[in-house]
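Shown next: work.txt, containing compact mmCIF, C-alpha atoms.
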```txt
# COMPACT_ATOMS: atom_id res chain seq x y z
CA MET A 1 -8.81 -67.24 -66.42
CA VAL A 2 -9.19 -69.67 -63.59
CA LEU A 3 -6.61 -72.32 -63.01
CA ASN A 4 -7.69 -75.48 -61.42
CA ARG A 5 -4.87 -77.41 -59.83
CA LYS A 6 -5.44 -80.75 -58.28
CA PHE A 7 -3.35 -81.76 -55.27
CA SER A 8 -2.29 -85.23 -54.70
CA LEU A 9 -3.12 -86.98 -51.39
CA PRO A 10 0.43 -87.01 -49.91
CA THR A 11 0.87 -83.32 -50.54
CA PHE A 12 -2.39 -82.56 -48.84
CA GLN A 13 -1.43 -84.57 -45.75
CA LYS A 14 1.89 -82.71 -45.41
CA PHE A 15 0.11 -79.39 -45.64
CA LYS A 16 -2.42 -80.42 -43.02
CA SER A 17 0.34 -81.56 -40.65
CA LEU A 18 2.22 -78.25 -41.04
CA HIS A 19 -0.97 -76.28 -40.39
CA PHE A 20 -1.60 -78.24 -37.18
CA SER A 21 1.94 -77.63 -35.97
CA LEU A 22 1.61 -73.90 -36.48
CA ARG A 23 -1.72 -73.77 -34.63
CA PHE A 24 -0.20 -75.79 -31.72
CA SER A 25 2.77 -73.45 -31.47
CA MET A 26 0.60 -70.38 -31.40
CA SER A 27 -1.60 -71.85 -28.74
CA GLN A 28 1.47 -72.59 -26.58
CA LEU A 29 2.78 -69.04 -26.99
CA ASN A 30 -0.58 -67.57 -26.04
CA GLY A 31 -0.50 -69.74 -22.88
CA ALA A 32 2.98 -68.33 -21.81
CA TYR A 33 4.93 -71.46 -22.57
CA TYR A 34 8.66 -70.88 -22.50
CA GLY A 35 9.98 -74.35 -23.03
CA PRO A 36 10.40 -77.53 -21.04
CA SER A 37 11.06 -77.30 -17.25
CA ILE A 38 14.64 -77.53 -16.01
CA PRO A 39 15.19 -80.68 -13.99
CA PRO A 40 16.58 -80.20 -10.40
CA ALA A 41 20.29 -80.70 -9.79
CA PRO A 42 21.20 -84.17 -8.58
CA LYS A 43 21.92 -84.44 -4.86
CA SER A 44 25.52 -85.31 -4.00
CA TYR A 45 26.57 -87.07 -0.80
CA ARG A 46 29.99 -86.42 0.67
CA ARG A 47 31.27 -89.08 2.97
CA PRO A 48 33.10 -87.62 6.02
CA SER A 49 36.72 -88.63 6.47
CA ARG A 50 37.59 -91.11 9.17
CA GLY A 51 40.42 -88.98 10.53
CA GLY A 52 38.06 -86.44 12.06
CA GLY A 53 39.88 -83.54 10.33
CA GLY A 54 36.81 -82.28 8.52
CA CYS A 55 34.80 -79.26 9.56
CA GLY A 56 31.52 -79.39 11.32
CA CYS A 57 30.11 -79.37 14.80
CA LEU A 58 33.18 -81.19 16.21
CA SER A 59 35.72 -78.67 14.87
CA CYS A 60 33.49 -75.79 15.94
CA CYS A 61 33.32 -77.17 19.47
CA CYS A 62 37.11 -77.70 19.55
CA GLY A 63 37.68 -74.07 18.49
CA CYS A 64 35.30 -72.79 21.18
CA ILE A 65 37.01 -74.90 23.86
CA PHE A 66 40.46 -73.65 22.79
CA ASN A 67 39.32 -70.02 22.88
CA CYS A 68 37.78 -70.54 26.32
CA ILE A 69 41.03 -72.06 27.64
CA ILE A 70 43.14 -69.18 26.30
CA SER A 71 40.73 -66.63 27.75
CA LEU A 72 40.77 -68.42 31.13
CA ILE A 73 44.59 -68.51 31.21
CA CYS A 74 44.78 -64.77 30.40
CA LYS A 75 42.30 -63.97 33.16
CA ILE A 76 44.23 -66.09 35.69
CA LEU A 77 47.56 -64.47 34.79
CA THR A 78 46.06 -61.00 34.98
CA THR A 79 44.55 -61.77 38.39
CA VAL A 80 47.84 -63.18 39.70
CA LEU A 81 49.79 -60.10 38.51
CA ILE A 82 47.29 -57.74 40.10
CA ILE A 83 47.39 -59.65 43.41
CA ALA A 84 51.21 -59.71 43.36
CA ALA A 85 51.36 -55.96 42.69
CA VAL A 86 48.93 -55.25 45.52
CA LEU A 87 50.88 -57.47 47.95
CA ALA A 88 54.19 -55.85 46.94
CA PHE A 89 52.72 -52.41 47.48
CA LEU A 90 51.33 -53.40 50.90
CA PHE A 91 54.70 -54.91 51.86
CA TRP A 92 56.52 -51.73 50.87
CA LEU A 93 53.93 -49.64 52.70
CA VAL A 94 54.38 -51.62 55.93
CA VAL A 95 58.13 -52.32 55.83
CA ARG A 96 59.41 -49.23 53.98
CA PRO A 97 62.77 -50.90 53.14
CA ASN A 98 65.87 -48.71 52.82
CA ILE A 99 69.23 -49.58 51.33
CA LEU A 100 72.19 -50.32 53.59
CA LYS A 101 74.91 -47.68 53.68
CA PHE A 102 78.66 -48.34 53.85
CA HIS A 103 81.41 -45.82 54.69
CA VAL A 104 85.15 -46.12 55.29
CA SER A 105 85.44 -43.85 58.30
CA ASP A 106 89.19 -44.33 58.81
CA ALA A 107 92.15 -45.88 57.01
CA SER A 108 95.70 -46.27 58.25
CA LEU A 109 98.47 -47.12 55.79
CA THR A 110 101.84 -47.51 57.46
CA ARG A 111 103.64 -49.43 54.73
CA PHE A 112 103.20 -49.59 50.99
CA ALA A 113 106.37 -50.42 49.05
CA PHE A 114 106.90 -52.18 45.73
CA SER A 115 110.13 -53.84 44.66
CA ASN A 116 111.05 -56.94 42.66
CA ASN A 117 107.39 -57.49 41.70
CA THR A 118 106.57 -57.80 45.39
CA LEU A 119 104.24 -55.45 47.24
CA HIS A 120 104.77 -54.91 50.96
CA TYR A 121 101.75 -53.48 52.72
CA ASN A 122 100.15 -52.71 56.08
CA LEU A 123 96.64 -51.32 55.83
CA ALA A 124 93.99 -51.09 58.57
CA LEU A 125 90.44 -49.97 57.84
CA ASN A 126 87.42 -49.01 59.88
CA VAL A 127 84.20 -49.56 57.89
CA SER A 128 80.77 -48.55 59.16
CA ILE A 129 77.59 -50.35 58.06
CA ARG A 130 74.34 -48.48 58.65
CA ASN A 131 71.00 -50.27 58.72
CA PRO A 132 68.34 -47.50 58.51
CA ASN A 133 65.37 -49.87 58.46
CA ARG A 134 62.92 -49.88 61.34
CA ARG A 135 61.49 -53.35 60.84
CA VAL A 136 64.22 -55.27 58.97
CA GLY A 137 67.30 -56.85 60.55
CA VAL A 138 70.28 -58.24 58.64
CA TYR A 139 72.18 -61.50 59.03
CA TYR A 140 75.74 -61.18 57.72
CA ASP A 141 76.69 -64.81 57.22
CA GLN A 142 80.05 -63.97 55.63
CA ILE A 143 82.02 -60.91 54.52
CA GLU A 144 85.09 -61.24 52.35
CA ALA A 145 87.18 -58.07 52.04
CA LEU A 146 89.57 -57.71 49.10
CA ALA A 147 92.24 -55.00 48.78
CA LEU A 148 93.26 -53.92 45.27
CA TYR A 149 95.76 -51.56 43.74
CA GLU A 150 95.23 -50.60 40.11
CA ASP A 151 92.57 -53.39 39.94
CA VAL A 152 95.18 -55.95 41.02
CA ARG A 153 94.35 -57.84 44.21
CA PHE A 154 97.12 -57.92 46.78
CA ALA A 155 95.33 -58.98 50.01
CA SER A 156 92.11 -60.48 51.35
CA GLN A 157 90.44 -61.20 54.68
CA THR A 158 87.28 -63.04 55.74
CA LEU A 159 85.23 -61.61 58.58
CA GLY A 160 83.02 -63.66 60.88
CA PRO A 161 79.20 -63.69 60.88
CA PHE A 162 77.06 -61.33 62.95
CA PHE A 163 73.50 -59.99 63.16
CA GLN A 164 72.65 -56.32 62.75
CA HIS A 165 69.54 -55.03 64.46
CA THR A 166 67.19 -52.39 63.12
CA LYS A 167 68.26 -48.70 63.16
CA ASN A 168 71.81 -49.75 63.96
CA THR A 169 75.36 -48.89 62.91
CA THR A 170 77.96 -51.65 63.04
CA PHE A 171 81.73 -51.28 62.51
CA ILE A 172 84.01 -53.84 60.94
CA SER A 173 87.82 -53.54 60.92
CA PRO A 174 89.57 -55.47 58.17
CA LEU A 175 93.37 -55.58 58.45
CA PHE A 176 95.69 -56.28 55.53
CA GLU A 177 99.32 -56.92 56.43
CA GLY A 178 102.12 -58.80 54.71
CA GLN A 179 103.64 -59.08 51.28
CA ARG A 180 102.54 -60.55 47.99
CA VAL A 181 103.98 -61.06 44.53
CA THR A 182 102.06 -58.53 42.48
CA PRO A 183 103.16 -58.17 38.86
CA LEU A 184 102.41 -54.66 37.63
CA THR A 185 102.56 -53.40 34.08
CA ALA A 186 104.81 -50.53 33.03
CA ASP A 187 101.92 -48.06 33.24
CA GLN A 188 100.92 -49.35 36.66
CA THR A 189 104.52 -49.11 37.89
CA SER A 190 104.73 -45.54 36.61
CA GLN A 191 101.50 -44.68 38.42
CA PHE A 192 102.88 -46.24 41.62
CA ASP A 193 106.02 -44.09 41.42
CA LYS A 194 103.89 -40.92 41.02
CA GLU A 195 101.71 -41.78 44.00
CA ASN A 196 104.75 -42.79 46.04
CA SER A 197 106.21 -39.35 45.46
CA ALA A 198 102.92 -37.77 46.61
CA ARG A 199 102.67 -40.35 49.42
CA VAL A 200 98.95 -40.83 48.71
CA PHE A 201 97.84 -44.11 47.13
CA SER A 202 94.58 -44.95 45.35
CA ILE A 203 93.51 -48.23 46.94
CA ASP A 204 90.18 -49.98 46.42
CA VAL A 205 88.44 -52.35 48.80
CA LYS A 206 85.67 -54.71 47.71
CA LEU A 207 83.28 -56.39 50.11
CA PHE A 208 81.69 -59.65 48.97
CA MET A 209 78.88 -60.41 51.37
CA THR A 210 76.44 -63.22 52.03
CA VAL A 211 73.45 -61.79 53.86
CA ARG A 212 69.85 -62.55 54.77
CA PHE A 213 67.11 -60.17 55.81
CA LYS A 214 64.75 -60.71 58.73
CA PHE A 215 61.25 -59.26 59.03
CA LEU A 216 59.38 -60.29 62.17
CA LEU A 217 59.59 -64.11 62.07
CA PHE A 218 60.37 -64.35 58.37
CA LYS A 219 63.83 -64.66 56.83
CA SER A 220 64.70 -64.04 53.22
CA HIS A 221 66.77 -66.17 50.89
CA THR A 222 70.52 -65.71 50.71
CA VAL A 223 71.53 -62.48 49.00
CA ARG A 224 75.04 -61.77 47.71
CA PRO A 225 75.69 -58.06 47.20
CA LYS A 226 79.02 -56.51 46.36
CA ILE A 227 80.33 -53.22 47.72
CA ARG A 228 83.19 -51.19 46.28
CA CYS A 229 85.10 -48.52 48.20
CA GLU A 230 87.48 -46.30 46.21
CA MET A 231 89.89 -44.53 48.56
CA ASN A 232 92.84 -42.18 48.51
CA VAL A 233 94.93 -43.32 51.46
CA PRO A 234 97.91 -41.25 52.66
CA LEU A 235 101.02 -43.09 53.72
CA LYS A 236 101.93 -42.42 57.32
CA SER A 237 105.51 -41.78 58.33
CA ARG A 238 107.44 -43.95 60.74
CA ASN A 239 106.29 -41.86 63.69
CA ALA A 240 102.66 -42.56 62.60
CA THR A 241 101.93 -38.95 61.75
CA THR A 242 100.57 -37.32 58.64
CA SER A 243 100.05 -33.74 57.60
CA LEU A 244 96.59 -32.21 57.84
CA ASP A 245 96.39 -31.89 54.05
CA ALA A 246 97.19 -35.59 53.63
CA ALA A 247 94.80 -36.84 56.32
CA PHE A 248 92.38 -39.54 55.25
CA LYS A 249 88.90 -38.35 54.38
CA ALA A 250 85.88 -40.54 55.06
CA THR A 251 84.74 -42.27 51.89
CA GLU A 252 81.27 -43.48 50.94
CA CYS A 253 81.12 -46.89 49.27
CA ASP A 254 78.99 -47.78 46.29
CA TRP A 255 76.85 -50.79 45.46
CA ASP A 256 78.04 -52.86 42.53
CA TYR A 257 74.79 -54.12 40.98
CA LYS A 258 76.60 -56.15 38.32
CA ARG A 259 77.39 -58.83 40.89
CA TRP A 260 74.04 -58.84 42.69
CA TRP A 261 72.10 -62.08 42.62
CA ILE A 262 69.88 -64.21 44.84
CA ARG A 263 70.49 -67.89 45.40
```

Using the file provided, produce a representation of the structure as structure tokens.
Amino acid sequence: MVLNRKFSLPTFQKFKSLHFSLRFSMSQLNGAYYGPSIPPAPKSYRRPSRGGGGCGCLSCCCGCIFNCIISLICKILTTVLIIAAVLAFLFWLVVRPNILKFHVSDASLTRFAFSNNTLHYNLALNVSIRNPNRRVGVYYDQIEALALYEDVRFASQTLGPFFQHTKNTTFISPLFEGQRVTPLTADQTSQFDKENSARVFSIDVKLFMTVRFKFLLFKSHTVRPKIRCEMNVPLKSRNATTSLDAAFKATECDWDYKRWWIR
């Protein structure tokens, strides 16, 4: 049996349109069509700030300049330190400076009595100052000698200025004589009684000096060293004699670096 079906005109047009769409799609696929092209991204414009804080050529140049300045400063400091070290070494090689040496070669104590918080004393010293340098002389502008017992000062004397030549030994003779109110603690009084029985007293002398050094035609700045001499001084009898065991022994003085400064 054969069925004959008649299509209406609108139905036929729809079918024709669908058939054309299918053929168009297949033709696009055979031609490697993958869809519409993607439009390019829109260009954006960023306006630079007026303050100049943005990045760019200007900030890059500023960073380079800063790095160059820091590098130049480091090189200058390194060069200055090297030159200073070389000059110091050459100065030491030429001058060969040596430290001054102080000794108490003799001490004479003829009176040392304590009563009613008053100390009566008579002490004469002979101090040698040795300058071992070959090319450096010393100007002693002022020397102040202080005498102390148990770290309590009881006398002082100022010595006049003088110049000490190279490779020279100079003697100074401070003299402490008189009486002074010197309050001592109970422990210090007990120590005084023990030493009075032994007739040997522990007396310290400090030298506060104002000196300058001379090398050829050059003079240094003012230097203020401090010297401390710790002595055991025997008390002489009225006839100015002492036993051989109680005789004074020469004492070497020490530098006190805590009070060393340059002005």

Just want the 12 Å neighbourhood of Val205 of chain A, counted on only C-alpha atoms, with same-chain residues fewer than 3 positions away dropped. Output as a PDB file with C-alpha atoms, in the coordinates of the input.
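The file below, around-v2.pdb, is the result:
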```pdb
ATOM      1  CA  PHE A 102      78.660 -48.340  53.850  1.00  0.00           C
ATOM      2  CA  HIS A 103      81.410 -45.820  54.690  1.00  0.00           C
ATOM      3  CA  VAL A 104      85.150 -46.120  55.290  1.00  0.00           C
ATOM      4  CA  ALA A 107      92.150 -45.880  57.010  1.00  0.00           C
ATOM      5  CA  LEU A 123      96.640 -51.320  55.830  1.00  0.00           C
ATOM      6  CA  ALA A 124      93.990 -51.090  58.570  1.00  0.00           C
ATOM      7  CA  LEU A 125      90.440 -49.970  57.840  1.00  0.00           C
ATOM      8  CA  ASN A 126      87.420 -49.010  59.880  1.00  0.00           C
ATOM      9  CA  VAL A 127      84.200 -49.560  57.890  1.00  0.00           C
ATOM     10  CA  GLU A 144      85.090 -61.240  52.350  1.00  0.00           C
ATOM     11  CA  ALA A 145      87.180 -58.070  52.040  1.00  0.00           C
ATOM     12  CA  LEU A 146      89.570 -57.710  49.100  1.00  0.00           C
ATOM     13  CA  ALA A 147      92.240 -55.000  48.780  1.00  0.00           C
ATOM     14  CA  LEU A 148      93.260 -53.920  45.270  1.00  0.00           C
ATOM     15  CA  TYR A 149      95.760 -51.560  43.740  1.00  0.00           C
ATOM     16  CA  GLU A 150      95.230 -50.600  40.110  1.00  0.00           C
ATOM     17  CA  ASP A 151      92.570 -53.390  39.940  1.00  0.00           C
ATOM     18  CA  VAL A 152      95.180 -55.950  41.020  1.00  0.00           C
ATOM     19  CA  ARG A 153      94.350 -57.840  44.210  1.00  0.00           C
ATOM     20  CA  PHE A 154      97.120 -57.920  46.780  1.00  0.00           C
ATOM     21  CA  ALA A 155      95.330 -58.980  50.010  1.00  0.00           C
ATOM     22  CA  SER A 156      92.110 -60.480  51.350  1.00  0.00           C
ATOM     23  CA  GLN A 157      90.440 -61.200  54.680  1.00  0.00           C
ATOM     24  CA  PRO A 174      89.570 -55.470  58.170  1.00  0.00           C
ATOM     25  CA  LEU A 175      93.370 -55.580  58.450  1.00  0.00           C
ATOM     26  CA  PHE A 176      95.690 -56.280  55.530  1.00  0.00           C
ATOM     27  CA  SER A 202      94.580 -44.950  45.350  1.00  0.00           C
ATOM     28  CA  PHE A 208      81.690 -59.650  48.970  1.00  0.00           C
ATOM     29  CA  LYS A 226      79.020 -56.510  46.360  1.00  0.00           C
ATOM     30  CA  ILE A 227      80.330 -53.220  47.720  1.00  0.00           C
ATOM     31  CA  ARG A 228      83.190 -51.190  46.280  1.00  0.00           C
ATOM     32  CA  CYS A 229      85.100 -48.520  48.200  1.00  0.00           C
ATOM     33  CA  GLU A 230      87.480 -46.300  46.210  1.00  0.00           C
ATOM     34  CA  MET A 231      89.890 -44.530  48.560  1.00  0.00           C
ATOM     35  CA  ASN A 232      92.840 -42.180  48.510  1.00  0.00           C
ATOM     36  CA  VAL A 233      94.930 -43.320  51.460  1.00  0.00           C
ATOM     37  CA  THR A 251      84.740 -42.270  51.890  1.00  0.00           C
ATOM     38  CA  GLU A 252      81.270 -43.480  50.940  1.00  0.00           C
ATOM     39  CA  CYS A 253      81.120 -46.890  49.270  1.00  0.00           C
ATOM     40  CA  ASP A 254      78.990 -47.780  46.290  1.00  0.00           C
TER      41      ASP A 254
END
```

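With atom CA of Arg224 of chain A on one side and atom CA of Leu100 of chain A on the other, the separation reads 13.2 Å.
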
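Between atom CA of Gly137 of chain A and atom CA of Leu207 of chain A lies a distance of 19.1 Å.
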
Write out as a Markdown table the residues of segment 165-195 of chain A that have any atom within 7 Å of an atom of segment 110-122 of chain A, one row each with the nearest atom pair and its distance in Å to one decimal, counting all atoms listed in the file, sorted by chain and then rising number.
```
| residue | atom | partner | partner_atom | distance |
| --- | --- | --- | --- | --- |
| A:Phe176 | CA | A:Asn122 | CA | 5.7 |
| A:Glu177 | CA | A:Asn122 | CA | 4.3 |
| A:Gly178 | CA | A:Tyr121 | CA | 5.7 |
| A:Gln179 | CA | A:His120 | CA | 4.3 |
| A:Arg180 | CA | A:Leu119 | CA | 5.4 |
| A:Val181 | CA | A:Thr118 | CA | 4.3 |
| A:Thr182 | CA | A:Thr118 | CA | 5.4 |
| A:Pro183 | CA | A:Asn117 | CA | 5.1 |
```

Save out the residues we just selected, C-alpha atoms, as a PDB file, in the coordinates of the input.
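Listing of again_17.pdb after writing:
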```pdb
ATOM      1  CA  PHE A 176      95.690 -56.280  55.530  1.00  0.00           C
ATOM      2  CA  GLU A 177      99.320 -56.920  56.430  1.00  0.00           C
ATOM      3  CA  GLY A 178     102.120 -58.800  54.710  1.00  0.00           C
ATOM      4  CA  GLN A 179     103.640 -59.080  51.280  1.00  0.00           C
ATOM      5  CA  ARG A 180     102.540 -60.550  47.990  1.00  0.00           C
ATOM      6  CA  VAL A 181     103.980 -61.060  44.530  1.00  0.00           C
ATOM      7  CA  THR A 182     102.060 -58.530  42.480  1.00  0.00           C
ATOM      8  CA  PRO A 183     103.160 -58.170  38.860  1.00  0.00           C
TER       9      PRO A 183
END
```

State, in Å with one decimal place, the distance from atom CA of Ile70 of chain A to atom CA of Val86 of chain A. 24.4 Å

Distance query Pro132 of chain A at most 10 Å, all atoms listed in the file, self and fewer than 2 positions along chain excluded, as an mmCIF file with C-alpha atoms, in the coordinates of the input:
```
data_model
loop_
_atom_site.group_PDB
_atom_site.id
_atom_site.type_symbol
_atom_site.label_atom_id
_atom_site.label_comp_id
_atom_site.auth_asym_id
_atom_site.auth_seq_id
_atom_site.Cartn_x
_atom_site.Cartn_y
_atom_site.Cartn_z
ATOM 1 C CA PRO A 97 62.770 -50.900 53.140
ATOM 2 C CA ASN A 98 65.870 -48.710 52.820
ATOM 3 C CA ILE A 99 69.230 -49.580 51.330
ATOM 4 C CA LEU A 100 72.190 -50.320 53.590
ATOM 5 C CA LYS A 101 74.910 -47.680 53.680
ATOM 6 C CA ILE A 129 77.590 -50.350 58.060
ATOM 7 C CA ARG A 130 74.340 -48.480 58.650
ATOM 8 C CA ARG A 134 62.920 -49.880 61.340
ATOM 9 C CA ARG A 135 61.490 -53.350 60.840
ATOM 10 C CA VAL A 136 64.220 -55.270 58.970
ATOM 11 C CA GLY A 137 67.300 -56.850 60.550
ATOM 12 C CA HIS A 165 69.540 -55.030 64.460
ATOM 13 C CA THR A 166 67.190 -52.390 63.120
ATOM 14 C CA LYS A 167 68.260 -48.700 63.160
ATOM 15 C CA ASN A 168 71.810 -49.750 63.960
ATOM 16 C CA THR A 169 75.360 -48.890 62.910
#
```

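Among A:Phe163, A:Phe171, A:Phe213, A:Phe248, the residue with the shortest atom-to-atom distance to Val200 of chain A, counting only C-alpha atoms, is A:Phe248.
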